[in-house]
$ cat model_6.cif   # mmCIF, C-alpha atoms
data_target
loop_
_atom_site.label_atom_id
_atom_site.label_comp_id
_atom_site.auth_asym_id
_atom_site.auth_seq_id
_atom_site.Cartn_x
_atom_site.Cartn_y
_atom_site.Cartn_z
CA MET A 1 2.99 27.60 -3.04
CA ALA A 2 1.27 30.25 -0.94
CA GLY A 3 -2.13 29.12 -2.23
CA ALA A 4 -1.43 25.54 -1.20
CA ILE A 5 -0.42 26.63 2.31
CA LYS A 6 -3.59 28.71 2.70
CA LEU A 7 -5.64 25.72 1.53
CA ARG A 8 -4.14 23.54 4.26
CA GLN A 9 -4.81 26.20 6.92
CA ARG A 10 -8.41 26.61 5.74
CA GLU A 11 -8.98 22.84 5.79
CA ASN A 12 -7.64 22.60 9.35
CA GLU A 13 -9.86 25.47 10.50
CA TYR A 14 -13.03 24.07 8.88
CA ARG A 15 -12.40 20.54 10.14
CA ARG A 16 -12.49 21.67 13.78
CA THR A 17 -16.18 22.55 13.36
CA TRP A 18 -17.26 19.74 11.02
CA GLU A 19 -19.24 16.75 12.35
CA PHE A 20 -17.40 13.59 11.29
CA ASP A 21 -20.59 11.49 11.34
CA ASN A 22 -22.42 13.91 9.04
CA CYS A 23 -21.93 12.15 5.72
CA ALA A 24 -24.64 14.31 4.09
CA THR A 25 -22.14 17.16 3.81
CA LEU A 26 -18.64 17.17 2.45
CA ASP A 27 -15.72 16.94 4.84
CA PRO A 28 -13.87 20.29 4.65
CA THR A 29 -10.90 18.47 3.13
CA GLU A 30 -13.21 17.10 0.41
CA ILE A 31 -14.29 20.54 -0.76
CA PHE A 32 -10.99 20.98 -2.61
CA TRP A 33 -11.71 17.84 -4.63
CA ALA A 34 -15.31 18.83 -5.36
CA ASP A 35 -14.01 22.16 -6.65
CA GLN A 36 -11.78 20.28 -9.11
CA TYR A 37 -14.56 18.03 -10.46
CA ARG A 38 -15.04 19.75 -13.82
CA TRP A 39 -11.33 20.33 -14.37
CA LEU A 40 -10.49 16.69 -13.62
CA GLU A 41 -13.26 15.61 -15.98
CA SER A 42 -11.65 17.70 -18.69
CA GLN A 43 -8.37 15.90 -17.97
CA GLY A 44 -10.01 12.49 -18.38
CA TYR A 45 -10.67 11.58 -14.73
CA LEU A 46 -14.12 11.26 -13.16
CA LEU A 47 -14.64 11.60 -9.42
CA ARG A 48 -17.35 9.66 -7.59
CA PRO A 49 -20.94 11.09 -7.59
CA ARG A 50 -20.35 12.44 -4.07
CA TYR A 51 -18.13 15.17 -5.54
CA HIS A 52 -20.36 16.13 -8.47
CA PRO A 53 -21.39 19.82 -8.37
CA ASN A 54 -25.06 18.76 -8.43
CA TRP A 55 -24.73 15.88 -5.96
CA ILE A 56 -28.07 14.52 -4.77
CA LEU A 57 -28.01 12.23 -1.72
CA THR A 58 -28.78 8.67 -2.86
CA TRP A 59 -30.43 7.71 0.43
CA GLU A 60 -32.91 10.58 0.13
CA ARG A 61 -34.12 9.69 -3.36
CA THR A 62 -34.14 5.88 -2.88
CA LYS A 63 -35.19 3.46 -0.15
CA LYS A 64 -31.62 2.33 0.44
CA TYR A 65 -30.19 2.46 3.96
CA ILE A 66 -27.54 5.16 4.18
CA THR A 67 -24.61 2.78 4.77
CA HIS A 68 -25.57 0.87 1.60
CA CYS A 69 -25.18 3.99 -0.51
CA GLU A 70 -21.81 4.42 -2.18
CA ASP A 71 -21.87 8.22 -1.92
CA SER A 72 -22.20 8.16 1.89
CA TYR A 73 -18.49 7.39 2.27
CA PRO A 74 -16.11 10.37 2.40
CA SER A 75 -12.45 10.18 1.48
CA LEU A 76 -10.21 9.00 4.32
CA PHE A 77 -7.25 11.29 3.62
CA ARG A 78 -7.19 14.95 2.65
CA HIS A 79 -4.42 14.47 0.10
CA VAL A 80 -5.68 11.25 -1.53
CA MET A 81 -8.73 10.73 -3.74
CA ASP A 82 -9.97 7.99 -6.04
CA ALA A 83 -11.21 8.54 -9.58
CA THR A 84 -12.21 6.64 -12.70
CA ARG A 85 -9.97 7.00 -15.73
CA MET A 86 -12.45 7.74 -18.48
CA SER A 87 -10.33 6.26 -21.28
CA ASP A 88 -10.58 2.68 -19.95
CA GLY A 89 -12.88 2.78 -16.89
CA LYS A 90 -10.13 1.79 -14.46
CA THR A 91 -10.08 3.11 -10.90
CA VAL A 92 -7.01 5.18 -10.06
CA THR A 93 -5.65 7.06 -7.07
CA LEU A 94 -4.96 10.80 -7.09
CA LYS A 95 -2.38 12.04 -4.61
CA ARG A 96 -2.13 15.78 -3.95
CA ILE A 97 1.36 17.06 -3.22
CA VAL A 98 3.14 20.39 -3.19
CA LYS A 99 6.53 20.37 -4.89
CA TYR A 100 9.40 21.76 -2.85
CA LYS A 101 13.15 21.71 -3.32
CA GLU A 102 13.90 19.16 -0.59
CA SER A 103 11.73 16.53 -2.28
CA ASP A 104 11.74 15.06 -5.76
CA GLU A 105 8.74 12.74 -5.44
CA VAL A 106 7.60 13.53 -8.98
CA GLY A 107 11.03 13.01 -10.52
CA ILE A 108 11.62 9.73 -8.68
CA GLY A 109 8.18 8.45 -9.66
CA LYS A 110 8.83 9.30 -13.30
CA PHE A 111 12.28 7.69 -13.19
CA PHE A 112 11.03 4.31 -11.96
CA SER A 113 7.98 4.50 -14.25
CA SER A 114 10.06 5.00 -17.40
CA GLU A 115 11.39 2.26 -19.64
CA PRO A 116 13.25 -0.01 -19.36
CA LEU A 117 12.81 0.17 -15.56
CA ALA A 118 9.01 0.08 -15.73
CA SER A 119 9.05 -3.36 -17.40
CA ASP A 120 11.62 -4.86 -15.05
CA PRO A 121 9.88 -7.52 -12.88
CA LYS A 122 12.17 -6.56 -9.99
CA ASN A 123 10.80 -3.03 -9.98
CA HIS A 124 8.33 -2.73 -7.09
CA CYS A 125 7.93 1.06 -7.15
CA VAL A 126 4.36 2.21 -7.63
CA PRO A 127 3.80 3.21 -11.28
CA LEU A 128 3.20 6.89 -11.94
CA LEU A 129 0.53 7.04 -14.62
CA ASP A 130 0.16 10.80 -14.99
CA VAL A 131 1.05 14.14 -13.38
CA LEU A 132 -1.49 16.97 -13.38
CA ASP A 133 -0.70 20.58 -12.51
CA VAL A 134 -3.58 21.94 -10.42
CA PRO A 135 -4.81 25.28 -11.76
CA GLU A 136 -4.77 28.26 -9.38
CA TYR A 137 -2.44 26.49 -6.93
CA GLU A 138 1.18 27.19 -7.77
CA GLY A 139 3.46 24.21 -7.16
CA MET A 140 0.59 21.79 -6.46
CA VAL A 141 0.30 18.66 -8.58
CA LEU A 142 -1.78 15.49 -8.59
CA LEU A 143 0.04 12.19 -8.99
CA VAL A 144 -2.08 9.58 -10.76
CA MET A 145 -1.37 6.00 -9.66
CA PRO A 146 -3.16 2.62 -9.70
CA ILE A 147 -5.68 1.89 -6.97
CA LEU A 148 -3.90 -0.13 -4.26
CA ARG A 149 -4.68 -1.98 -1.01
CA PRO A 150 -2.67 -2.42 2.21
CA PHE A 151 -0.29 -5.34 1.72
CA ASN A 152 -1.89 -7.31 4.57
CA ASP A 153 -5.53 -6.99 3.51
CA PRO A 154 -7.07 -9.47 2.80
CA LYS A 155 -5.68 -11.95 5.27
CA ILE A 156 -2.34 -13.62 4.59
CA TRP A 157 -3.06 -17.31 5.17
CA SER A 158 0.09 -19.39 4.80
CA PHE A 159 3.85 -19.15 5.24
CA GLY A 160 4.20 -19.40 1.49
CA GLU A 161 2.16 -16.21 1.14
CA ALA A 162 4.31 -14.23 3.60
CA VAL A 163 5.32 -10.83 2.23
CA SER A 164 8.83 -9.52 1.69
CA CYS A 165 9.64 -5.97 0.57
CA PHE A 166 13.33 -6.79 0.09
CA GLN A 167 13.37 -7.07 -3.70
CA GLY A 168 11.75 -3.66 -4.15
CA ILE A 169 14.28 -2.00 -1.85
CA GLN A 170 17.09 -3.84 -3.61
CA PHE A 171 15.91 -2.41 -6.94
CA MET A 172 15.91 1.13 -5.56
CA HIS A 173 19.35 0.71 -3.97
CA LYS A 174 20.74 -0.73 -7.19
CA HIS A 175 19.86 2.57 -8.86
CA HIS A 176 21.31 4.56 -5.93
CA TYR A 177 18.02 5.67 -4.39
CA ALA A 178 17.27 5.32 -0.69
CA HIS A 179 13.58 5.19 0.20
CA ARG A 180 14.11 6.46 3.77
CA ASP A 181 10.54 5.60 4.88
CA CYS A 182 10.00 1.97 3.78
CA THR A 183 7.68 0.94 6.61
CA GLY A 184 4.58 -1.25 6.54
CA ARG A 185 2.26 1.66 5.74
CA ASN A 186 4.30 2.46 2.64
CA ILE A 187 4.07 -1.08 1.27
CA MET A 188 0.89 -1.64 -0.70
CA MET A 189 -0.26 -4.15 -3.27
CA ASP A 190 -1.79 -4.11 -6.70
CA ALA A 191 -4.74 -6.43 -6.01
CA ARG A 192 -6.38 -6.48 -9.42
CA LYS A 193 -5.75 -10.22 -9.76
CA LEU A 194 -7.10 -10.87 -6.28
CA TYR A 195 -10.23 -8.77 -6.89
CA PRO A 196 -11.22 -9.29 -10.55
CA LYS A 197 -14.47 -7.36 -9.98
CA GLY A 198 -12.78 -4.60 -7.99
CA PHE A 199 -13.58 -3.09 -4.61
CA HIS A 200 -14.75 0.19 -3.13
CA PRO A 201 -11.81 2.63 -2.87
CA VAL A 202 -12.79 3.80 0.65
CA ASN A 203 -14.64 0.88 2.22
CA ILE A 204 -12.38 -1.74 0.67
CA ASP A 205 -14.21 -4.75 2.13
CA PHE A 206 -17.15 -4.04 -0.20
CA ASP A 207 -17.67 -3.92 -3.94
CA TYR A 208 -17.65 -0.60 -5.77
CA LYS A 209 -21.43 -0.09 -5.54
CA ARG A 210 -21.51 -1.06 -1.84
CA ASP A 211 -24.10 -3.77 -2.64
CA SER A 212 -22.13 -6.69 -1.17
CA PHE A 213 -18.76 -7.80 0.13
CA ALA A 214 -15.97 -7.66 -2.45
CA ARG A 215 -15.26 -11.22 -3.52
CA HIS A 216 -11.65 -12.26 -3.93
CA TRP A 217 -9.19 -15.07 -4.49
CA THR A 218 -6.31 -15.99 -2.17
CA ARG A 219 -2.74 -14.86 -2.78
CA THR A 220 -1.75 -18.45 -3.57
CA GLU A 221 -4.31 -18.58 -6.39
CA ARG A 222 -3.83 -15.07 -7.76
CA PRO A 223 -0.49 -13.58 -6.66
CA PRO A 224 -0.61 -9.79 -6.24
CA LYS A 225 2.33 -7.48 -6.79
CA TYR A 226 3.64 -5.63 -3.74
CA LEU A 227 4.68 -2.03 -4.30
CA LEU A 228 6.63 0.65 -2.47
CA ILE A 229 4.84 3.99 -2.31
CA ASP A 230 5.50 7.54 -1.09
CA PHE A 231 8.86 8.84 -2.30
CA GLY A 232 8.51 12.18 -0.51
CA LEU A 233 11.59 11.49 1.63
CA SER A 234 13.48 9.41 -0.95
CA ARG A 235 16.71 10.68 -2.42
CA PHE A 236 19.34 9.86 -5.03
CA TYR A 237 22.94 9.44 -3.85
CA ASP A 238 25.51 9.72 -6.61
CA PRO A 239 28.20 7.03 -6.11
CA LYS A 240 30.74 9.44 -7.62
CA HIS A 241 30.57 11.40 -4.38
CA GLY A 242 31.70 8.51 -2.23
CA PRO A 243 29.81 6.52 0.42
CA PRO A 244 26.28 7.86 0.92
CA LEU A 245 25.95 9.99 4.04
CA ASP A 246 23.07 12.23 5.02
CA LEU A 247 21.28 13.57 8.05
CA PRO A 248 18.57 11.10 9.07
CA VAL A 249 14.89 11.95 8.61
CA ARG A 250 11.92 10.99 10.74
CA GLY A 251 9.19 9.33 8.74
CA ILE A 252 6.43 6.99 9.90
CA ASP A 253 8.73 4.68 11.88
CA ARG A 254 10.81 6.70 14.36
CA THR A 255 12.47 3.80 16.17
CA ALA A 256 15.72 3.68 14.16
CA PRO A 257 18.74 4.29 16.45
CA GLU A 258 20.08 6.97 14.09
CA VAL A 259 17.05 9.22 14.64
CA GLN A 260 17.30 9.11 18.42
CA GLY A 261 18.80 11.89 20.58
CA ASP A 262 22.02 13.48 19.41
CA LYS A 263 22.41 10.93 16.60
CA TYR A 264 19.62 12.73 14.76
CA ASN A 265 22.09 15.53 14.01
CA GLU A 266 24.86 13.20 12.85
CA LEU A 267 25.46 11.99 9.29
CA SER A 268 24.56 8.35 8.68
CA ASN A 269 24.07 5.93 5.78
CA PRO A 270 20.43 6.19 4.56
CA PHE A 271 20.69 2.80 2.83
CA ALA A 272 21.45 1.17 6.19
CA THR A 273 18.39 2.89 7.65
CA ASP A 274 16.26 1.33 4.89
CA ILE A 275 17.56 -2.06 6.03
CA TYR A 276 16.49 -1.29 9.60
CA TYR A 277 12.98 -0.24 8.55
CA ALA A 278 12.53 -3.36 6.40
CA GLY A 279 13.67 -5.57 9.27
CA ILE A 280 11.34 -3.88 11.75
CA MET A 281 8.41 -4.28 9.34
CA ILE A 282 8.96 -8.04 9.10
CA LYS A 283 9.42 -8.24 12.85
CA MET A 284 6.24 -6.35 13.71
CA GLU A 285 4.01 -7.87 11.02
CA PHE A 286 5.16 -11.49 11.28
CA VAL A 287 7.80 -12.49 13.84
CA ASP A 288 6.27 -10.77 16.88
CA VAL A 289 2.60 -11.49 16.18
CA ARG A 290 2.56 -14.96 14.58
CA PHE A 291 3.90 -18.35 15.59
CA GLY A 292 6.53 -20.17 13.56
CA PHE A 293 8.78 -17.39 12.27
CA ASP A 294 11.82 -18.31 14.35
CA PHE A 295 13.71 -19.03 11.13
CA MET A 296 13.65 -15.27 10.39
CA VAL A 297 15.00 -14.10 13.75
CA PRO A 298 18.78 -14.24 12.94
CA LEU A 299 18.31 -12.19 9.76
CA ILE A 300 16.00 -9.66 11.42
CA THR A 301 18.40 -9.31 14.34
CA ASP A 302 21.25 -8.43 11.96
CA MET A 303 19.08 -6.00 10.01
CA THR A 304 18.09 -4.06 13.13
CA GLN A 305 21.49 -3.77 14.81
CA GLU A 306 22.15 -0.58 16.75
CA GLU A 307 25.18 0.35 14.66
CA PRO A 308 24.16 1.02 11.01
CA SER A 309 27.54 -0.08 9.65
CA LYS A 310 27.00 -3.58 11.08
CA ARG A 311 23.75 -4.14 9.22
CA PRO A 312 23.93 -6.26 6.04
CA SER A 313 23.53 -4.68 2.62
CA ILE A 314 20.27 -5.23 0.78
CA ASP A 315 22.00 -7.71 -1.57
CA GLU A 316 23.08 -9.78 1.45
CA VAL A 317 19.55 -9.57 2.89
CA VAL A 318 17.97 -10.81 -0.35
CA THR A 319 20.48 -13.65 -0.68
CA ARG A 320 19.97 -14.80 2.90
CA PHE A 321 16.19 -14.49 2.64
CA GLU A 322 16.07 -16.59 -0.52
CA THR A 323 18.31 -19.22 1.09
CA ILE A 324 16.01 -19.34 4.12
CA TYR A 325 12.87 -19.77 2.07
CA ARG A 326 14.43 -22.44 -0.15
CA SER A 327 15.23 -24.42 3.00
CA LEU A 328 11.61 -24.45 4.20
CA SER A 329 9.64 -27.63 3.66
CA PHE A 330 6.68 -27.88 1.32
CA LYS A 331 4.53 -28.76 4.32
CA LEU A 332 5.53 -25.62 6.25
CA LEU A 333 4.96 -23.36 3.26
CA ARG A 334 1.42 -24.73 3.00
CA THR A 335 0.85 -24.36 6.77
CA ARG A 336 -1.54 -21.69 8.00
CA MET A 337 0.02 -18.82 9.94
CA VAL A 338 -1.46 -18.57 13.43
CA LYS A 339 -1.59 -15.30 15.35
CA ARG A 340 -0.29 -15.38 18.90
CA LYS A 341 -3.50 -13.86 20.27
CA GLU A 342 -5.89 -16.00 18.23
CA ASP A 343 -8.70 -17.51 20.31
CA GLU A 344 -9.58 -21.21 20.12
CA GLY A 345 -12.87 -20.75 18.27
CA THR A 346 -11.32 -18.58 15.56
CA SER A 347 -8.36 -20.92 15.28
CA ALA A 348 -10.60 -23.97 14.81
CA LEU A 349 -12.62 -22.20 12.10
CA TYR A 350 -9.54 -21.01 10.21
CA ASP A 351 -7.93 -24.45 10.44
CA PHE A 352 -11.09 -26.02 8.99
CA LEU A 353 -11.21 -23.56 6.08
CA HIS A 354 -7.49 -23.84 5.37
CA PHE A 355 -7.63 -27.64 5.33
CA PHE A 356 -9.96 -27.58 2.33
CA ARG A 357 -7.88 -24.88 0.64
CA ARG A 358 -4.83 -27.13 0.87
CA ILE A 359 -6.75 -29.97 -0.73
CA ARG A 360 -7.88 -27.68 -3.56
CA TYR A 361 -4.36 -26.32 -4.09
CA ALA A 362 -2.94 -29.84 -4.25
CA PHE A 363 -5.63 -30.96 -6.68
CA MET A 364 -5.06 -27.93 -8.93
CA ARG A 365 -1.25 -28.27 -8.57
CA ILE A 366 -0.89 -24.69 -7.35
CA PRO A 367 2.59 -24.11 -5.81
CA PRO A 368 2.75 -23.08 -2.12
CA VAL A 369 4.82 -19.97 -2.89
CA PRO A 370 2.89 -17.67 -5.23
CA GLY A 371 5.15 -16.13 -7.86
CA GLU A 372 4.38 -12.94 -9.73
CA GLY A 373 3.56 -13.74 -13.31
CA MET A 374 3.12 -17.43 -12.41
CA ALA A 375 0.47 -19.13 -14.52
CA CYS A 376 -2.56 -20.30 -12.58
CA TYR A 377 -3.32 -24.00 -12.86
CA HIS A 378 -7.07 -23.59 -12.77
CA THR A 379 -9.91 -22.00 -14.66
CA GLU A 380 -12.80 -19.85 -13.56
CA ALA A 381 -14.97 -22.97 -13.69
CA HIS A 382 -12.74 -24.88 -11.27
CA GLY A 383 -11.83 -22.17 -8.77
CA ARG A 384 -14.18 -20.34 -6.46
CA LEU A 385 -14.06 -16.85 -5.02
CA LEU A 386 -13.82 -16.28 -1.30
CA THR A 387 -16.34 -14.10 0.47
#

$ encode --input "model_6.cif" --output "structure tokens"
Amino acid sequence: MAGAIKLRQRENEYRRTWEFDNCATLDPTEIFWADQYRWLESQGYLLRPRYHPNWILTWERTKKYITHCEDSYPSLFRHVMDATRMSDGKTVTLKRIVKYKESDEVGIGKFFSSEPLASDPKNHCVPLLDVLDVPEYEGMVLLVMPILRPFNDPKIWSFGEAVSCFQGIQFMHKHHYAHRDCTGRNIMMDARKLYPKGFHPVNIDFDYKRDSFARHWTRTERPPKYLLIDFGLSRFYDPKHGPPLDLPVRGIDRTAPEVQGDKYNELSNPFATDIYYAGIMIKMEFVDVRFGFDFMVPLITDMTQEEPSKRPSIDEVVTRFETIYRSLSFKLLRTRMVKRKEDEGTSALYDFLHFFRRIRYAFMRIPPVPGEGMACYHTEAHGRLLT
């Protein structure tokens, strides 16, 4: 534990003097990962060439422009790194954490990644593929997970593609776990179906080699799976001990009424706080910034009520949400979502592109609401990738 704390202090000190535009040298927070290169290789995980002990700058030994070189891109976060799993060549994410008694991120990840929960289609918790104990750093581990993308990248085109995190939260609550930080940044997606040829783990708009833009399908054609991540604040509440009550915690979203002022020191229901965060996510990502989501306002209003006890349970939320979506017309579900601040030129272009998508979907008999595990009604020869 002490070694991990000293590492963080050293990274903070070095980063104050490091030039962020100097991609020819490692970011101070990357040095830790470069130091683990050989050990990770022995564990079956290969870091990118940038972190190899004998790294040679690609742009100095080739005629490529620096931004076209894969190894010019540093990691974005000190505690997260990408790697290739040597057994099958798949790209994975490594998350560095320090275990402490107030958090059971490893245990929760293992619980939802074990059978029969792992195979349950309602389980939207990110799979934990492996746990590695970092040598020389007591209490530090690396969590190995699939490579993911933000849930809203690439663009969500239609109402039928709109994202809900409700089922994933319902699954956690069913097993008596509160997430306690289920905001937009902690909702990601497994985009392997969307990007059959993959994408660069840092500059995700490009392919892995940084040669061209990463080509992809739409969500309607190749439905991704949305996943909840980051269980650092999550906790199990044994129903034998009565109604769940706990002191609130401040995660990414700090707008919940129960974390304001004196209420922050009062016991509250963490499951009700999850409902608030889920409601705020839908409000901020869809209702407030796009036209046409008035049908969601009554539900979101109930989910974000000031008094936690007045908010609906997650089962009620899921039932109401499903009822709402079943009531929407086929035409609306196919309709393109328009941002409130979208200019006329952009709007005209997007309308033109979406018109031909709708024709293709109708011809291929692809439903307007993509379902996970749904068979695609087209072949590689008939469909085309978007650029």

$ closest_atom_pairs --input "model_6.cif" --of "region 134-154 of chain A" --to "region 89-108 of chain A" --cutoff "10 Å" --atoms "all atoms listed in the file" --output "JSON lines"
{"residue": "A:Val134", "atom": "CA", "partner": "A:Arg96", "partner_atom": "CA", "distance": 9.1}
{"residue": "A:Tyr137", "atom": "CA", "partner": "A:Val98", "partner_atom": "CA", "distance": 9.1}
{"residue": "A:Glu138", "atom": "CA", "partner": "A:Val98", "partner_atom": "CA", "distance": 8.4}
{"residue": "A:Gly139", "atom": "CA", "partner": "A:Lys99", "partner_atom": "CA", "distance": 5.4}
{"residue": "A:Met140", "atom": "CA", "partner": "A:Val98", "partner_atom": "CA", "distance": 4.4}
{"residue": "A:Val141", "atom": "CA", "partner": "A:Ile97", "partner_atom": "CA", "distance": 5.7}
{"residue": "A:Leu142", "atom": "CA", "partner": "A:Arg96", "partner_atom": "CA", "distance": 4.7}
{"residue": "A:Leu143", "atom": "CA", "partner": "A:Lys95", "partner_atom": "CA", "distance": 5.0}
{"residue": "A:Val144", "atom": "CA", "partner": "A:Leu94", "partner_atom": "CA", "distance": 4.8}
{"residue": "A:Met145", "atom": "CA", "partner": "A:Thr93", "partner_atom": "CA", "distance": 5.1}
{"residue": "A:Pro146", "atom": "CA", "partner": "A:Val92", "partner_atom": "CA", "distance": 4.6}
{"residue": "A:Ile147", "atom": "CA", "partner": "A:Val92", "partner_atom": "CA", "distance": 4.7}
{"residue": "A:Leu148", "atom": "CA", "partner": "A:Thr93", "partner_atom": "CA", "distance": 7.9}

$ write_last_selection --input "model_6.cif" --atoms "C-alpha atoms" --output "PDB file, in the frame of the given file"
ATOM      1  CA  VAL A 134      -3.580  21.940 -10.420  1.00  0.00           C
ATOM      2  CA  TYR A 137      -2.440  26.490  -6.930  1.00  0.00           C
ATOM      3  CA  GLU A 138       1.180  27.190  -7.770  1.00  0.00           C
ATOM      4  CA  GLY A 139       3.460  24.210  -7.160  1.00  0.00           C
ATOM      5  CA  MET A 140       0.590  21.790  -6.460  1.00  0.00           C
ATOM      6  CA  VAL A 141       0.300  18.660  -8.580  1.00  0.00           C
ATOM      7  CA  LEU A 142      -1.780  15.490  -8.590  1.00  0.00           C
ATOM      8  CA  LEU A 143       0.040  12.190  -8.990  1.00  0.00           C
ATOM      9  CA  VAL A 144      -2.080   9.580 -10.760  1.00  0.00           C
ATOM     10  CA  MET A 145      -1.370   6.000  -9.660  1.00  0.00           C
ATOM     11  CA  PRO A 146      -3.160   2.620  -9.700  1.00  0.00           C
ATOM     12  CA  ILE A 147      -5.680   1.890  -6.970  1.00  0.00           C
ATOM     13  CA  LEU A 148      -3.900  -0.130  -4.260  1.00  0.00           C
TER      14      LEU A 148
END

$ closest_residue --input "model_6.cif" --among "A:Arg149, A:Arg210, A:Lys174, A:Arg222" --to "Tyr361 (chain A)" --atoms "all atoms listed in the file"
A:Arg222

$ closest_residue --input "model_6.cif" --among "A:Met189, A:Cys165, A:Val259, A:Leu132" --to "Phe321 (chain A)" --atoms "only C-alpha atoms"
A:Cys165

$ closest_residue --input "model_6.cif" --among "A:Gln43, A:Asn265, A:Ser212, A:Thr273" --to "Ser234 (chain A)" --atoms "only C-alpha atoms"
A:Thr273

$ residues_near_point --input "model_6.cif" --point "(8.4, -12.6, 13.8)" --cutoff "12 Å" --atoms "only C-alpha atoms" --output "list in words"
Phe159, Ala162, Gly279, Ile280, Met281, Ile282, Lys283, Met284, Glu285, Phe286, Val287, Asp288, Val289, Arg290, Phe291, Gly292, Phe293, Asp294, Phe295, Met296, Val297, Pro298, Leu299, Ile300, Thr301, Met337, Val338, Lys339 and Arg340 of chain A

$ atom_distance --input "model_6.cif" --atom1 "CA of Phe151 (chain A)" --atom2 "CA of Gly109 (chain A)"
19.8 Å

$ atom_distance --input "model_6.cif" --atom1 "CA of Ser75 (chain A)" --atom2 "CA of Glu30 (chain A)"
7.0 Å

$ atom_distance --input "model_6.cif" --atom1 "CA of Asp190 (chain A)" --atom2 "CA of Pro154 (chain A)"
12.1 Å

$ closest_residue --input "model_6.cif" --among "A:Asp71, A:Glu161, A:Asp88, A:Asp230" --to "Arg336 (chain A)" --atoms "all atoms listed in the file"
A:Glu161

$ build_atoms --input "model_6.cif" --residues "region 83-87 of chain A" --atoms "all heavy atoms" --output "compact mmCIF listing (two decimals), in the frame of the given file"
# COMPACT_ATOMS: atom_id res chain seq x y z
N ALA A 83 -10.53 8.05 -8.38
CA ALA A 83 -11.21 8.54 -9.58
C ALA A 83 -11.28 7.41 -10.59
O ALA A 83 -10.58 6.40 -10.47
CB ALA A 83 -10.48 9.75 -10.16
N THR A 84 -12.12 7.59 -11.59
CA THR A 84 -12.21 6.64 -12.70
C THR A 84 -11.55 7.25 -13.92
O THR A 84 -11.86 8.38 -14.30
CB THR A 84 -13.67 6.30 -13.02
OG1 THR A 84 -14.28 5.70 -11.88
CG2 THR A 84 -13.75 5.33 -14.19
N ARG A 85 -10.60 6.52 -14.50
CA ARG A 85 -9.97 7.00 -15.73
C ARG A 85 -10.94 6.76 -16.88
O ARG A 85 -11.29 5.61 -17.17
CB ARG A 85 -8.64 6.29 -15.97
CG ARG A 85 -7.84 6.85 -17.13
CD ARG A 85 -6.40 6.38 -17.10
NE ARG A 85 -6.29 4.93 -17.16
CZ ARG A 85 -5.15 4.27 -17.07
NH1 ARG A 85 -4.02 4.93 -16.90
NH2 ARG A 85 -5.12 2.94 -17.14
N MET A 86 -11.37 7.82 -17.50
CA MET A 86 -12.45 7.74 -18.48
C MET A 86 -12.05 6.97 -19.75
O MET A 86 -12.90 6.41 -20.43
CB MET A 86 -12.92 9.15 -18.84
CG MET A 86 -13.49 9.91 -17.64
SD MET A 86 -13.70 11.69 -17.90
CE MET A 86 -14.99 11.68 -19.15
N SER A 87 -10.77 6.92 -20.06
CA SER A 87 -10.33 6.26 -21.28
C SER A 87 -10.54 4.75 -21.24
O SER A 87 -10.77 4.12 -22.28
CB SER A 87 -8.86 6.57 -21.55
OG SER A 87 -8.04 6.07 -20.48
